[in-house]
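The next block holds one structure in the form of structure tokens; read it before the comments.
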Amino acid sequence: MPDLPNDIDRLREIDNAHHLHPFTDHKALQAGRVRVITRAEGVWLWDGDGNRILDGMSGLWCVNVGYSQPSLVEAAARQMTLLPYYNTFFSSTTPPAAALSERLAAIAPPGMSRVFYASSGSEAVDSALRMARVFWQLQGKPEKRIIVSREYGYHGSTMAGASAGGMRDMHRQAGDLPDFLQVATPYAYRDAGALSPHDFGLQAARSFEALIEEVGAERIAAFIGEPIQGAGGVIIPPDSYWPEIQRICRAHDILLIADEVICGFGRLGKMFGSISYGIEPDLMTTAKGITSGYIPLSAVFVGDRVAKTFIEEGGEFYHGFTYSGHPVACAVALANLDIIEGQDLPAAAERQGVKLRAALDEALAGHPLVGEIRGRGLIGAIELVEDRDAHRFFPGSRKVGTTCRDFSIAEGVMMRACRDTMVFAPPLIISDDEVGEMASRAARAIDRTWASLQTA
Ligand code: PXG
């Protein structure tokens, strides 16, 4: 291996001098200290200052099988030796790409037997959106072009992904494309008020139907949504929500795209979030957990109606990436699936998620800063609020979430703040002891946040 500098201060210096980071305030980072992560094992990270940190975020919601799985490394090395690259354009395939496609079709939600590959979640979303529009062209309805998504939806950082997302700051900063519209998010903690969860779920879904009435179903290509919204703050819809969205899509002949970049590959307790919620999507985007983040890969699962139209009405689909179906990435995905299926990690996510929420409930019972602890499988959130009874948030300027995030890392647990909602999604292999550790470290971070607010 080429030698890398191992002096941590020197690494900080060269990183500061030459590296622009994603989703980062560059001025603040230049003034601060970049954290150098040097190695990882299981659910644990080590940084260059010698700290051992429990990774409550699985990297960025992706390291589902944990960090030290030799079979993924061996699969990559074997494939690199045999065939490090070949493409899947122009009537070619490779053994890993073909084998992975069969394997994914076997675990897909019903009615999805084909996949299209890319390298990132953003590319998968972009591919699904282009497929949706081309589908309607092939159906003789080229005016069906609008993509509908939700407030706080996150669908990536490409122009189309950011436009499909519901992150207003992203739209304001670099603009958003025409023909992308947003409807309400089913954020019960914030918006349900006196409504029952059931009624609130229906109300949130019907904001989509109201939009259809306004712009016309004949102009709408697809609705895209994460089964549980991840980056938006782990927004978990009431059980009535997805069946209603499905009904509306069917009633108005609009394609349903499930963005499972975070929910897919076991995190919610089933292989896919669509299975957990009984969604039957026309297209399903996946990435992250497909290789547990060991190597970039994403896949769009294509429902039979869309696939049949492409195959029967076809002509060339002018779309694809150099690395679509990359053989090394596909080989790693196969080894990753062996672990997810072999160890039944979806069931582990369900089981450990219940324990994690119980441990957090106990450690944080009655805490004045905690409005709600919610989760499903191994994804969850803790709402930090100014007034628990009124469900009132702090003003954004107090940066309570950022403060708590910093205390979390100081306490040795990686959590992320979305506004003042602390979110977590640990590796699915997390043990009972580690669940306990995670809850007690998180609780200490929240105690310290509370104490700092008293003196501020
Ligand atoms: N869809 C969903 C649902 C995602 O969560 C993407 C698409 C885009 O994937 P790529 O691979 O292009 O990043 C994502 C990614 C965060 C965070 O801080 C979340 C994501 C990515 C980076 C940071 O919560 N989600």
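Going by the structure tokens order, chains are called A, B, ..., each with residues numbered from 1, while ligands are numbered from 1 in the order shown.
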Exercise answer, 7 Å around ligand 1 with only C-alpha atoms and all ligand atoms, as number ranges by chain: A: 60, 120-123, 125, 154-157, 226, 229-231, 259-262, 287-288
Would you save the residues of that selection, restricted to all heavy atoms, as a tab-separated table (two decimals), in the first residue's frame?
```
chain	number	residue	atom	x	y	z
A	60	LEU	N	-22.64	6.96	7.37
A	60	LEU	CA	-23.80	7.78	7.00
A	60	LEU	C	-24.96	6.83	6.70
A	60	LEU	O	-25.34	6.68	5.56
A	60	LEU	CB	-23.49	8.67	5.80
A	60	LEU	CG	-22.76	9.99	6.08
A	60	LEU	CD1	-22.46	10.72	4.79
A	60	LEU	CD2	-23.56	10.90	7.01
A	120	SER	N	-24.25	5.73	-6.69
A	120	SER	CA	-24.66	6.47	-5.48
A	120	SER	C	-26.17	6.54	-5.40
A	120	SER	O	-26.87	6.31	-6.39
A	120	SER	CB	-24.09	7.89	-5.52
A	120	SER	OG	-24.72	8.61	-6.56
A	121	GLY	N	-26.64	6.90	-4.22
A	121	GLY	CA	-28.08	7.10	-4.07
A	121	GLY	C	-28.59	8.19	-4.98
A	121	GLY	O	-29.67	8.07	-5.58
A	122	SER	N	-27.82	9.27	-5.10
A	122	SER	CA	-28.24	10.38	-5.97
A	122	SER	C	-28.41	9.90	-7.41
A	122	SER	O	-29.37	10.28	-8.09
A	122	SER	CB	-27.21	11.51	-5.93
A	122	SER	OG	-27.05	12.01	-4.63
A	123	GLU	N	-27.46	9.11	-7.87
A	123	GLU	CA	-27.57	8.59	-9.25
A	123	GLU	C	-28.75	7.63	-9.39
A	123	GLU	O	-29.39	7.58	-10.45
A	123	GLU	CB	-26.29	7.85	-9.64
A	123	GLU	CG	-25.09	8.74	-9.87
A	123	GLU	CD	-23.83	7.92	-10.09
A	123	GLU	OE1	-23.82	6.71	-9.80
A	123	GLU	OE2	-22.84	8.50	-10.54
A	125	VAL	N	-31.55	7.84	-7.71
A	125	VAL	CA	-32.75	8.69	-7.76
A	125	VAL	C	-32.87	9.33	-9.14
A	125	VAL	O	-33.93	9.32	-9.76
A	125	VAL	CB	-32.68	9.76	-6.65
A	125	VAL	CG1	-33.69	10.87	-6.89
A	125	VAL	CG2	-32.89	9.12	-5.28
A	154	TYR	N	-35.21	13.76	1.55
A	154	TYR	CA	-33.83	13.88	1.04
A	154	TYR	C	-33.62	12.82	-0.03
A	154	TYR	O	-33.79	11.63	0.21
A	154	TYR	CB	-32.78	13.72	2.16
A	154	TYR	CG	-31.39	14.01	1.61
A	154	TYR	CD1	-31.01	15.32	1.29
A	154	TYR	CD2	-30.49	12.99	1.33
A	154	TYR	CE1	-29.77	15.60	0.74
A	154	TYR	CE2	-29.24	13.26	0.78
A	154	TYR	CZ	-28.89	14.57	0.49
A	154	TYR	OH	-27.66	14.85	-0.07
A	155	HIS	N	-33.28	13.29	-1.24
A	155	HIS	CA	-33.12	12.36	-2.35
A	155	HIS	C	-31.80	12.59	-3.07
A	155	HIS	O	-31.66	12.27	-4.25
A	155	HIS	CB	-34.31	12.48	-3.31
A	155	HIS	CG	-35.62	12.21	-2.64
A	155	HIS	ND1	-35.95	10.96	-2.14
A	155	HIS	CD2	-36.66	13.02	-2.32
A	155	HIS	CE1	-37.16	11.02	-1.56
A	155	HIS	NE2	-37.61	12.26	-1.66
A	156	GLY	N	-30.82	13.17	-2.38
A	156	GLY	CA	-29.49	13.31	-2.95
A	156	GLY	C	-29.13	14.73	-3.31
A	156	GLY	O	-29.92	15.66	-3.13
A	157	SER	N	-27.92	14.85	-3.84
A	157	SER	CA	-27.33	16.18	-4.06
A	157	SER	C	-27.10	16.54	-5.52
A	157	SER	O	-26.53	17.58	-5.79
A	157	SER	CB	-25.98	16.26	-3.33
A	157	SER	OG	-26.18	16.68	-2.02
A	226	GLU	N	-39.33	8.49	0.98
A	226	GLU	CA	-38.63	7.49	1.79
A	226	GLU	C	-39.68	6.85	2.71
A	226	GLU	O	-40.46	7.58	3.33
A	226	GLU	CB	-37.56	8.17	2.66
A	226	GLU	CG	-36.55	9.00	1.89
A	226	GLU	CD	-36.05	10.20	2.72
A	226	GLU	OE1	-35.26	9.97	3.64
A	226	GLU	OE2	-36.45	11.34	2.45
A	229	GLN	N	-38.50	8.91	6.59
A	229	GLN	CA	-37.59	9.98	6.14
A	229	GLN	C	-36.37	10.01	7.05
A	229	GLN	O	-36.50	10.22	8.26
A	229	GLN	CB	-38.32	11.32	6.15
A	229	GLN	CG	-39.28	11.47	4.98
A	229	GLN	CD	-40.09	12.75	5.06
A	229	GLN	OE1	-41.19	12.74	5.57
A	229	GLN	NE2	-39.55	13.84	4.55
A	230	GLY	N	-35.18	9.80	6.48
A	230	GLY	CA	-33.97	9.70	7.27
A	230	GLY	C	-33.35	11.05	7.59
A	230	GLY	O	-33.47	11.57	8.70
A	231	ALA	N	-32.69	11.64	6.57
A	231	ALA	CA	-31.95	12.88	6.78
A	231	ALA	C	-32.86	14.03	7.21
A	231	ALA	O	-32.40	15.00	7.80
A	231	ALA	CB	-31.19	13.26	5.50
A	259	ASP	N	-37.95	5.58	-2.07
A	259	ASP	CA	-36.52	5.83	-1.97
A	259	ASP	C	-36.01	5.13	-0.71
A	259	ASP	O	-36.16	5.62	0.41
A	259	ASP	CB	-36.22	7.33	-1.93
A	259	ASP	CG	-34.71	7.61	-1.96
A	259	ASP	OD1	-33.93	6.65	-1.83
A	259	ASP	OD2	-34.33	8.79	-2.09
A	260	GLU	N	-35.39	3.97	-0.94
A	260	GLU	CA	-34.96	3.11	0.18
A	260	GLU	C	-33.46	3.15	0.37
A	260	GLU	O	-32.85	2.17	0.81
A	260	GLU	CB	-35.42	1.67	-0.11
A	260	GLU	CG	-36.93	1.55	-0.24
A	260	GLU	CD	-37.50	0.52	0.72
A	260	GLU	OE1	-36.76	0.06	1.60
A	260	GLU	OE2	-38.69	0.20	0.57
A	261	VAL	N	-32.85	4.28	0.02
A	261	VAL	CA	-31.39	4.40	0.17
A	261	VAL	C	-30.98	4.16	1.63
A	261	VAL	O	-29.96	3.53	1.90
A	261	VAL	CB	-30.91	5.76	-0.38
A	261	VAL	CG1	-29.48	6.06	0.04
A	261	VAL	CG2	-31.03	5.77	-1.91
A	262	ILE	N	-31.80	4.62	2.58
A	262	ILE	CA	-31.52	4.35	4.00
A	262	ILE	C	-32.30	3.13	4.51
A	262	ILE	O	-31.78	2.30	5.23
A	262	ILE	CB	-31.84	5.59	4.85
A	262	ILE	CG1	-30.76	6.68	4.61
A	262	ILE	CG2	-31.92	5.24	6.34
A	262	ILE	CD1	-30.99	8.00	5.34
A	287	ALA	N	-29.12	2.06	-2.14
A	287	ALA	CA	-27.67	2.30	-2.20
A	287	ALA	C	-27.10	1.88	-0.84
A	287	ALA	O	-27.54	0.87	-0.29
A	287	ALA	CB	-27.37	3.77	-2.52
A	288	LYS	N	-26.21	2.67	-0.27
A	288	LYS	CA	-25.71	2.50	1.11
A	288	LYS	C	-25.61	1.03	1.56
A	288	LYS	O	-24.59	0.39	1.36
A	288	LYS	CB	-26.59	3.30	2.08
A	288	LYS	CG	-26.53	4.83	1.84
A	288	LYS	CD	-27.23	5.59	2.92
A	288	LYS	CE	-27.41	7.08	2.64
A	288	LYS	NZ	-26.33	7.94	3.06
```
DSSP-assigned alpha helix (DSSP H) members of stretch 101-300 of chain A, reported as a PyMOL selection string: chain A and resi 101-107+121-138+159-164+168-174+188-191+197-215+241-251+273-277
Selection near stretch 298-312 of chain A, 10 Å with only C-alpha atoms, sequence-local residues under 3 positions removed, as a ChimeraX atom specification: /A:101,104-105,108-128,131-132,134-136,138-139,255,257-261,280-291,295,315-317,324-325,329-330,333
Non-local contacts of A:Arg78 (12 Å; only C-alpha atoms; under 2 positions in same chain excluded) as a PyMOL selection string: chain A and resi 71-76+80-84+96+327-329+331-332+335
Export of the given selection (all heavy atoms) as a CSV table (one decimal), in the first residue's frame:
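Saved as result26.csv:
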```csv
chain,number,residue,atom,x,y,z
A,71,SER,N,-15.1,-11.1,4.7
A,71,SER,CA,-15.6,-11.7,3.5
A,71,SER,C,-15.9,-10.6,2.4
A,71,SER,O,-15.8,-10.9,1.2
A,71,SER,CB,-16.9,-12.5,3.7
A,71,SER,OG,-17.9,-11.7,4.3
A,72,LEU,N,-16.2,-9.4,2.8
A,72,LEU,CA,-16.4,-8.4,1.9
A,72,LEU,C,-15.1,-7.9,1.2
A,72,LEU,O,-15.0,-7.7,0.0
A,72,LEU,CB,-17.1,-7.2,2.5
A,72,LEU,CG,-18.7,-7.2,2.5
A,72,LEU,CD1,-19.2,-8.3,3.4
A,72,LEU,CD2,-19.3,-5.9,3.0
A,73,VAL,N,-14.1,-7.9,2.1
A,73,VAL,CA,-12.7,-7.5,1.7
A,73,VAL,C,-12.2,-8.6,0.7
A,73,VAL,O,-11.7,-8.3,-0.4
A,73,VAL,CB,-11.8,-7.4,2.9
A,73,VAL,CG1,-10.4,-7.0,2.4
A,73,VAL,CG2,-12.4,-6.4,3.9
A,74,GLU,N,-12.4,-9.9,1.1
A,74,GLU,CA,-12.0,-11.0,0.2
A,74,GLU,C,-12.7,-11.0,-1.1
A,74,GLU,O,-12.1,-11.2,-2.2
A,74,GLU,CB,-12.2,-12.3,0.9
A,74,GLU,CG,-11.1,-12.6,2.0
A,74,GLU,CD,-11.6,-13.5,3.1
A,74,GLU,OE1,-12.6,-14.2,2.9
A,74,GLU,OE2,-11.0,-13.4,4.2
A,75,ALA,N,-14.0,-10.7,-1.1
A,75,ALA,CA,-14.7,-10.7,-2.4
A,75,ALA,C,-14.2,-9.6,-3.3
A,75,ALA,O,-14.0,-9.8,-4.5
A,75,ALA,CB,-16.2,-10.4,-2.1
A,76,ALA,N,-13.9,-8.4,-2.7
A,76,ALA,CA,-13.3,-7.3,-3.5
A,76,ALA,C,-12.0,-7.7,-4.1
A,76,ALA,O,-11.7,-7.5,-5.3
A,76,ALA,CB,-13.2,-6.1,-2.7
A,80,MET,N,-11.1,-8.1,-8.0
A,80,MET,CA,-10.1,-7.1,-8.5
A,80,MET,C,-9.0,-7.9,-9.3
A,80,MET,O,-8.5,-7.4,-10.3
A,80,MET,CB,-9.5,-6.3,-7.4
A,80,MET,CG,-10.3,-5.2,-6.9
A,80,MET,SD,-9.3,-3.7,-6.7
A,80,MET,CE,-10.6,-2.5,-6.3
A,81,THR,N,-8.7,-9.1,-8.8
A,81,THR,CA,-7.7,-9.9,-9.4
A,81,THR,C,-8.2,-10.4,-10.7
A,81,THR,O,-7.5,-10.4,-11.8
A,81,THR,CB,-7.2,-11.0,-8.5
A,81,THR,OG1,-7.0,-10.5,-7.2
A,81,THR,CG2,-6.0,-11.8,-9.0
A,82,LEU,N,-9.4,-10.9,-10.7
A,82,LEU,CA,-10.0,-11.6,-11.9
A,82,LEU,C,-10.4,-10.6,-13.0
A,82,LEU,O,-10.1,-10.8,-14.2
A,82,LEU,CB,-11.2,-12.3,-11.4
A,82,LEU,CG,-11.7,-13.6,-12.1
A,82,LEU,CD1,-10.6,-14.6,-12.1
A,82,LEU,CD2,-12.9,-14.1,-11.3
A,83,LEU,N,-11.1,-9.6,-12.6
A,83,LEU,CA,-11.6,-8.6,-13.6
A,83,LEU,C,-12.0,-7.3,-12.8
A,83,LEU,O,-13.1,-7.2,-12.2
A,83,LEU,CB,-12.9,-9.1,-14.2
A,83,LEU,CG,-13.6,-8.2,-15.3
A,83,LEU,CD1,-12.8,-8.1,-16.5
A,83,LEU,CD2,-15.0,-8.7,-15.6
A,84,PRO,N,-11.0,-6.4,-12.7
A,84,PRO,CA,-11.3,-5.2,-11.9
A,84,PRO,C,-12.3,-4.3,-12.4
A,84,PRO,O,-13.0,-3.6,-11.7
A,84,PRO,CB,-9.9,-4.5,-11.8
A,84,PRO,CG,-9.2,-5.0,-13.0
A,84,PRO,CD,-9.7,-6.4,-13.3
A,96,PRO,N,-20.4,-11.0,-11.7
A,96,PRO,CA,-21.0,-10.4,-10.5
A,96,PRO,C,-22.3,-9.6,-10.8
A,96,PRO,O,-23.3,-9.7,-10.0
A,96,PRO,CB,-19.9,-9.5,-9.9
A,96,PRO,CG,-18.7,-10.0,-10.5
A,96,PRO,CD,-19.0,-10.5,-11.9
A,327,PRO,N,-18.1,-4.5,-11.5
A,327,PRO,CA,-18.0,-5.9,-11.0
A,327,PRO,C,-17.5,-6.1,-9.6
A,327,PRO,O,-17.9,-7.0,-8.9
A,327,PRO,CB,-17.0,-6.6,-12.0
A,327,PRO,CG,-16.3,-5.4,-12.7
A,327,PRO,CD,-17.3,-4.3,-12.7
A,328,VAL,N,-16.6,-5.2,-9.2
A,328,VAL,CA,-16.0,-5.3,-7.8
A,328,VAL,C,-17.1,-4.9,-6.8
A,328,VAL,O,-17.4,-5.6,-5.8
A,328,VAL,CB,-14.8,-4.4,-7.6
A,328,VAL,CG1,-14.3,-4.5,-6.2
A,328,VAL,CG2,-13.7,-4.8,-8.6
A,329,ALA,N,-17.9,-3.9,-7.1
A,329,ALA,CA,-19.0,-3.4,-6.2
A,329,ALA,C,-20.0,-4.5,-6.1
A,329,ALA,O,-20.6,-4.8,-5.0
A,329,ALA,CB,-19.6,-2.1,-6.7
A,331,ALA,N,-19.6,-7.7,-6.6
A,331,ALA,CA,-19.1,-8.9,-5.8
A,331,ALA,C,-19.1,-8.6,-4.3
A,331,ALA,O,-19.5,-9.5,-3.5
A,331,ALA,CB,-17.6,-9.1,-6.3
A,332,VAL,N,-18.9,-7.4,-3.9
A,332,VAL,CA,-18.9,-7.0,-2.5
A,332,VAL,C,-20.4,-7.1,-2.1
A,332,VAL,O,-20.7,-7.6,-1.0
A,332,VAL,CB,-18.3,-5.6,-2.3
A,332,VAL,CG1,-18.6,-5.1,-0.8
A,332,VAL,CG2,-16.8,-5.6,-2.6
A,335,ALA,N,-21.4,-10.6,-1.2
A,335,ALA,CA,-20.8,-11.1,0.1
A,335,ALA,C,-21.6,-10.4,1.2
A,335,ALA,O,-21.9,-11.0,2.3
A,335,ALA,CB,-19.3,-10.7,0.2
```
